[in-house]
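Structure file my_file.csv with CSV, C-alpha atoms and all ligand atoms:
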chain,number,residue,atom,x,y,z
A,1,MET,CA,21.5,-3.6,-14.1
A,2,ASN,CA,22.6,-6.5,-12.0
A,3,ILE,CA,22.3,-9.6,-14.2
A,4,LEU,CA,22.5,-13.3,-13.4
A,5,LEU,CA,23.5,-15.2,-16.4
A,6,ALA,CA,22.6,-18.9,-16.0
A,7,GLU,CA,24.3,-20.8,-18.8
A,8,ASP,CA,26.3,-24.0,-18.5
A,9,HIS,CA,28.1,-23.6,-21.8
A,10,GLY,CA,31.4,-22.0,-20.6
A,11,PRO,CA,32.5,-20.2,-23.8
A,12,LEU,CA,29.0,-18.9,-24.5
A,13,CYS,CA,28.6,-17.7,-20.9
A,14,GLU,CA,32.0,-15.8,-21.0
A,15,PHE,CA,31.1,-14.3,-24.4
A,16,LEU,CA,27.7,-13.1,-23.2
A,17,ARG,CA,29.2,-11.8,-19.9
A,18,GLY,CA,31.7,-9.7,-21.8
A,19,ALA,CA,29.0,-8.3,-24.1
A,20,LEU,CA,26.6,-7.4,-21.2
A,21,GLU,CA,29.4,-5.9,-19.2
A,22,ARG,CA,30.3,-3.7,-22.1
A,23,GLU,CA,26.7,-2.4,-22.0
A,24,GLY,CA,27.4,-1.3,-18.4
A,25,HIS,CA,25.8,-4.2,-16.6
A,26,GLN,CA,27.2,-6.1,-13.6
A,27,VAL,CA,27.1,-9.8,-14.5
A,28,HIS,CA,27.3,-12.8,-12.3
A,29,CYS,CA,27.4,-16.3,-13.9
A,30,ALA,CA,25.8,-19.6,-12.7
A,31,GLN,CA,26.8,-22.9,-14.2
A,32,ASP,CA,23.9,-25.0,-13.1
A,33,GLY,CA,20.3,-24.7,-12.0
A,34,ILE,CA,20.9,-24.9,-8.3
A,35,GLN,CA,23.4,-22.1,-8.3
A,36,ALA,CA,21.0,-20.0,-10.4
A,37,ARG,CA,18.0,-20.7,-8.1
A,38,ASP,CA,20.0,-19.9,-4.9
A,39,TYR,CA,21.6,-16.8,-6.3
A,40,VAL,CA,18.2,-15.4,-7.5
A,41,LEU,CA,16.5,-16.1,-4.2
A,42,GLU,CA,19.3,-14.6,-2.2
A,43,HIS,CA,20.3,-11.6,-4.3
A,44,GLN,CA,17.2,-10.8,-6.4
A,45,PRO,CA,19.1,-9.5,-9.4
A,46,ASP,CA,17.4,-7.1,-11.7
A,47,LEU,CA,17.5,-9.6,-14.5
A,48,LEU,CA,17.9,-13.4,-14.9
A,49,VAL,CA,19.0,-14.6,-18.3
A,50,LEU,CA,18.1,-18.3,-18.0
A,51,ASP,CA,19.2,-21.1,-20.3
A,52,LEU,CA,16.6,-23.9,-20.1
A,53,GLY,CA,19.1,-26.8,-20.6
A,54,LEU,CA,21.0,-26.5,-17.3
A,55,PRO,CA,22.5,-29.4,-15.2
A,56,LEU,CA,21.2,-30.3,-11.7
A,57,LEU,CA,18.0,-28.3,-12.1
A,58,SER,CA,16.6,-27.4,-15.5
A,59,GLY,CA,15.6,-23.9,-16.4
A,60,ILE,CA,11.9,-24.8,-16.1
A,61,GLU,CA,12.6,-26.2,-12.6
A,62,VAL,CA,14.4,-23.0,-11.7
A,63,LEU,CA,11.4,-21.0,-12.8
A,64,ARG,CA,9.2,-23.1,-10.6
A,65,ALA,CA,11.5,-22.8,-7.7
A,66,ILE,CA,11.6,-19.0,-7.8
A,67,ASP,CA,8.0,-18.4,-9.0
A,68,GLY,CA,6.7,-15.4,-7.2
A,69,ARG,CA,9.6,-15.3,-4.8
A,70,ALA,CA,11.8,-12.8,-6.6
A,71,ALA,CA,9.4,-10.0,-7.5
A,72,ASN,CA,12.2,-7.6,-8.4
A,73,THR,CA,13.8,-10.0,-10.9
A,74,SER,CA,12.9,-9.9,-14.6
A,75,ILE,CA,13.5,-13.1,-16.5
A,76,ILE,CA,14.6,-13.7,-20.1
A,77,VAL,CA,14.7,-17.4,-21.1
A,78,LEU,CA,17.4,-18.4,-23.5
A,79,THR,CA,17.2,-21.6,-25.3
A,80,GLY,CA,17.6,-23.7,-28.4
A,81,ARG,CA,14.1,-25.2,-28.0
A,82,VAL,CA,11.5,-23.7,-30.1
A,83,ASP,CA,8.3,-25.5,-29.3
A,84,LEU,CA,5.4,-23.3,-28.3
A,85,SER,CA,4.3,-25.4,-25.3
A,86,VAL,CA,7.7,-24.8,-23.7
A,87,LYS,CA,7.6,-21.1,-24.4
A,88,LEU,CA,4.1,-20.8,-22.9
A,89,GLU,CA,5.1,-22.8,-19.9
A,90,CYS,CA,8.0,-20.4,-19.3
A,91,LEU,CA,5.8,-17.4,-19.6
A,92,ASN,CA,3.2,-18.9,-17.3
A,93,LEU,CA,6.0,-19.6,-14.8
A,94,GLY,CA,6.9,-15.9,-14.7
A,95,ALA,CA,9.4,-15.4,-17.5
A,96,ASP,CA,9.1,-12.0,-19.1
A,97,ASP,CA,10.5,-12.8,-22.5
A,98,TYR,CA,12.0,-15.6,-24.6
A,99,LEU,CA,15.0,-15.7,-27.0
A,100,THR,CA,15.7,-18.7,-29.2
A,101,LYS,CA,19.3,-19.6,-30.0
A,102,PRO,CA,21.0,-18.6,-32.2
A,103,PHE,CA,20.3,-14.9,-31.4
A,104,SER,CA,22.3,-11.7,-32.0
A,105,LEU,CA,23.8,-9.7,-29.3
A,106,GLN,CA,21.8,-6.7,-30.4
A,107,GLU,CA,18.7,-8.7,-29.9
A,108,LEU,CA,19.6,-9.7,-26.4
A,109,ASN,CA,20.6,-6.1,-25.5
A,110,ALA,CA,17.3,-4.8,-26.9
A,111,ARG,CA,15.3,-7.4,-25.0
A,112,CYS,CA,17.2,-6.6,-21.8
A,113,ARG,CA,16.3,-2.9,-22.2
A,114,ALA,CA,12.7,-3.7,-23.1
A,115,VAL,CA,12.1,-6.0,-20.1
A,116,ARG,CA,13.4,-3.4,-17.8
A,117,ARG,CA,11.5,-0.6,-19.3
A,118,ARG,CA,8.2,-2.5,-19.2
A,119,ARG,CA,8.8,-3.3,-15.6
A,120,ALA,CA,9.5,0.3,-14.7
A,121,GLU,CA,6.4,1.5,-16.5
A,122,THR,CA,4.1,-1.0,-14.7
A,123,GLU,CA,5.3,0.0,-11.3
A,124,SER,CA,5.3,3.3,-9.7
A,125,THR,CA,9.0,3.6,-9.0
A,126,VAL,CA,9.0,5.7,-5.8
A,127,LEU,CA,6.7,5.0,-2.9
A,128,ARG,CA,6.3,7.8,-0.4
A,129,PHE,CA,4.9,8.0,3.1
A,130,GLU,CA,5.5,11.3,4.9
A,131,ASP,CA,9.3,11.8,4.6
A,132,LEU,CA,10.0,8.1,3.9
A,133,LEU,CA,10.9,7.4,0.3
A,134,LEU,CA,11.3,3.9,-1.1
A,135,ASN,CA,12.6,3.5,-4.6
A,136,ARG,CA,11.5,0.2,-6.1
A,137,VAL,CA,14.0,0.2,-8.9
A,138,THR,CA,17.2,1.3,-7.1
A,139,ARG,CA,15.9,-0.3,-3.9
A,140,GLU,CA,17.0,2.7,-1.9
A,141,VAL,CA,15.1,3.8,1.2
A,142,THR,CA,15.6,7.2,2.6
A,143,VAL,CA,14.2,9.2,5.5
A,144,ARG,CA,14.6,13.0,5.1
A,145,GLY,CA,17.2,12.2,2.5
A,146,GLN,CA,19.2,9.9,4.7
A,147,ALA,CA,19.7,6.3,3.5
A,148,LEU,CA,18.5,3.3,5.5
A,149,GLU,CA,19.7,-0.2,4.8
A,150,PHE,CA,17.3,-3.1,4.7
A,151,THR,CA,17.6,-6.8,4.0
A,152,THR,CA,15.6,-8.2,1.1
A,153,LYS,CA,12.8,-9.4,3.3
A,154,GLU,CA,12.6,-6.2,5.3
A,155,PHE,CA,12.5,-4.2,2.1
A,156,ALA,CA,9.7,-6.4,0.7
A,157,LEU,CA,7.7,-6.0,3.9
A,158,LEU,CA,8.1,-2.2,4.0
A,159,GLU,CA,7.2,-2.1,0.3
A,160,TYR,CA,4.0,-4.0,0.8
A,161,LEU,CA,3.0,-1.9,3.7
A,162,LEU,CA,3.6,1.3,1.7
A,163,LEU,CA,1.7,-0.1,-1.3
A,164,ASN,CA,-1.2,-0.7,1.0
A,165,SER,CA,-1.0,2.3,3.3
A,166,GLY,CA,-4.3,3.6,4.7
A,167,ARG,CA,-5.7,0.2,5.3
A,168,PRO,CA,-4.9,-2.6,7.9
A,169,VAL,CA,-2.9,-5.5,6.6
A,170,SER,CA,-3.3,-8.8,8.5
A,171,ARG,CA,-0.5,-11.1,9.5
A,172,GLN,CA,-2.1,-13.8,7.3
A,173,GLU,CA,-2.0,-11.5,4.3
A,174,LEU,CA,1.7,-10.5,4.9
A,175,LEU,CA,2.7,-14.2,5.2
A,176,ARG,CA,0.9,-14.9,1.9
A,177,GLN,CA,2.1,-11.9,0.0
A,178,VAL,CA,5.6,-11.2,1.4
A,179,TRP,CA,6.7,-14.6,2.6
A,180,ARG,CA,4.7,-16.6,0.1
A,181,VAL,CA,3.8,-19.2,2.7
A,182,MET,CA,0.4,-20.5,3.7
A,183,PRO,CA,-1.0,-18.3,6.4
A,184,ASP,CA,-1.7,-21.1,8.8
A,185,ALA,CA,2.0,-21.7,9.4
A,186,GLY,CA,2.3,-21.1,13.1
A,187,THR,CA,4.9,-18.4,13.1
A,188,ASN,CA,5.6,-15.0,14.6
A,189,VAL,CA,8.0,-14.1,11.8
A,190,VAL,CA,5.8,-11.1,10.8
A,191,ASP,CA,6.0,-9.6,14.3
A,192,VAL,CA,9.7,-10.2,14.4
A,193,TYR,CA,10.3,-8.4,11.0
A,194,ILE,CA,7.9,-5.6,12.0
A,195,ASN,CA,10.2,-5.1,15.0
A,196,TYR,CA,13.3,-5.1,12.8
A,197,LEU,CA,11.7,-2.4,10.6
A,198,ARG,CA,10.7,-0.3,13.6
A,199,ARG,CA,14.1,-0.5,15.1
A,200,LYS,CA,15.7,0.8,11.9
A,201,LEU,CA,13.1,3.5,11.4
A,202,GLY,CA,13.6,4.4,15.1
A,203,VAL,CA,17.0,5.8,14.2
A,204,PHE,CA,15.0,8.7,12.7
A,205,ASP,CA,12.4,8.6,15.4
A,206,LYS,CA,10.0,7.1,12.9
A,207,SER,CA,9.3,3.7,14.5
A,208,ASP,CA,5.6,4.7,14.9
A,209,LEU,CA,5.1,4.9,11.2
A,210,ILE,CA,4.1,1.3,11.3
A,211,GLU,CA,1.0,1.1,13.4
A,212,THR,CA,-0.2,-2.0,15.4
A,213,LEU,CA,-3.9,-2.4,14.8
A,214,ARG,CA,-5.4,-4.5,17.5
A,215,GLY,CA,-7.0,-7.7,16.1
A,216,GLU,CA,-6.3,-6.5,12.5
A,217,GLY,CA,-2.5,-6.7,12.1
A,218,TYR,CA,-0.4,-3.8,11.0
A,219,GLY,CA,-0.6,-0.7,8.7
A,220,MET,CA,0.7,2.6,7.7
A,221,GLY,CA,-1.4,5.7,7.9
A,222,VAL,CA,-4.5,3.7,9.0
A,223,ARG,CA,-5.2,5.8,12.0
A,224,THR,CA,-4.8,9.0,10.0
A,225,ALA,CA,-7.2,7.7,7.4
A,226,VAL,CA,-9.8,6.7,10.1
A,227,GLU,CA,-9.4,10.1,11.9
A,228,SER,CA,-10.0,12.0,8.7
A,229,LEU,CA,-13.1,9.9,8.0
A,230,LYS,CA,-14.4,10.7,11.4
A,231,ALA,CA,-13.6,14.3,11.1
A,232,SER,CA,-15.4,14.6,7.8
A,233,ALA,CA,-18.4,12.7,9.3
A,234,MET,CA,-18.4,15.1,12.3
A,235,SER,CA,-18.4,18.1,10.1
A,236,LEU,CA,-21.8,17.0,8.7
A,237,PRO,CA,-24.9,18.5,10.4
A,238,LEU,CA,-26.0,15.0,11.3
A,239,PHE,CA,-23.0,14.6,13.5
A,240,PRO,CA,-22.7,17.9,15.4
A,241,ARG,CA,-19.4,18.5,17.3
A,242,ALA,CA,-19.6,17.9,21.0
A,243,GLY,CA,-20.7,21.0,22.7
A,244,ALA,CA,-21.9,22.6,19.5
A,245,ALA,CA,-25.6,22.2,20.2
B,301,CA,CA,22.7,-25.4,-21.7
Whole structure, structure tokens version:
Amino acid sequence: MNILLAEDHGPLCEFLRGALEREGHQVHCAQDGIQARDYVLEHQPDLLVLDLGLPLLSGIEVLRAIDGRAANTSIIVLTGRVDLSVKLECLNLGADDYLTKPFSLQELNARCRAVRRRRAETESTVLRFEDLLLNRVTREVTVRGQALEFTTKEFALLEYLLLNSGRPVSRQELLRQVWRVMPDAGTNVVDVYINYLRRKLGVFDKSDLIETLRGEGYGMGVRTAVESLKASAMSLPLFPRAGAA
């Protein structure tokens, strides 16, 4: 896993980094809350191990800042504080688990594995549409086995369209669910990113995978779904095929 370790206590940070690296993880360290927030939002690591007592921005403020904006990042809060209200606040703000100092390395490693396992189980790992595959854990996208590179936002948009294939998705919904902004923000960012996706898919002659649905937004496989509905309706005696009578 890619792990961001947000811990301002230098020796503890180095000790934990070494231990996690020995478990095969790639570890990046942040010394304060602002570094932690920016790194998570930019890189969406698999796991954030977050100390609550950080300078510049507290761990709680980091959680608030990234709430819902790093869907791929699991969070374990690490702290000396033990009060239940703090623990509950962290969980409400999207933390997956909580470790109270002092803790053993085995405990941290076990929690890391458990968080990741839970996450993998609650998500279907691979989304498929025709010969497009999107792996939500490794974040690889392939068309006919050939890899395509996407930015974080492009990936999130494609993932959302795949999760909702077969139905139209409005620009407002995409702004809310993928960009996490209020839909009345006057912006054409959705259309711009749809074009980015189509351009990349176009390399495989697949730019038409994402359909424009007049007045409704965008979608994948919506026309196919509508066509098959029509076809099944037409095969009923009430809807005789043209020329059949
Ligand atoms: Ca601290």
Can I get the residues close to ligand CA 301 (chain B) as a PyMOL selection string, where close means within 12 Å and we count only C-alpha atoms and all ligand atoms?
-> chain A and resi 5-13+30-33+49-59+77-81+101
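Comparing A:Leu209, A:Val82, A:Val181, A:Ile194 by their smallest distance to A:Glu130, the closest is A:Leu209 (using only C-alpha atoms).
Relative to atom CA of A:Leu93, atom CA of A:Arg64 is found at 6.3 Å.
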Centre and edge lengths, as JSON, for the axis-aligned box enclosing every listed atom of stretch 182-199 of chain A with 3 Å of padding on each of the six sides, in Å to one decimal?
{"center_x": 6.2, "center_y": -11.0, "center_z": 9.4, "size_x": 21.8, "size_y": 27.4, "size_z": 17.4}
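Of note, atom CA of A:Val178 and atom CA of A:His28 are spaced 25.7 Å apart.
Nearest to A:Leu162 of all the residues A:Val203, A:Val137, A:Leu213, A:Val222 is A:Val222, based on all atoms listed in the file.
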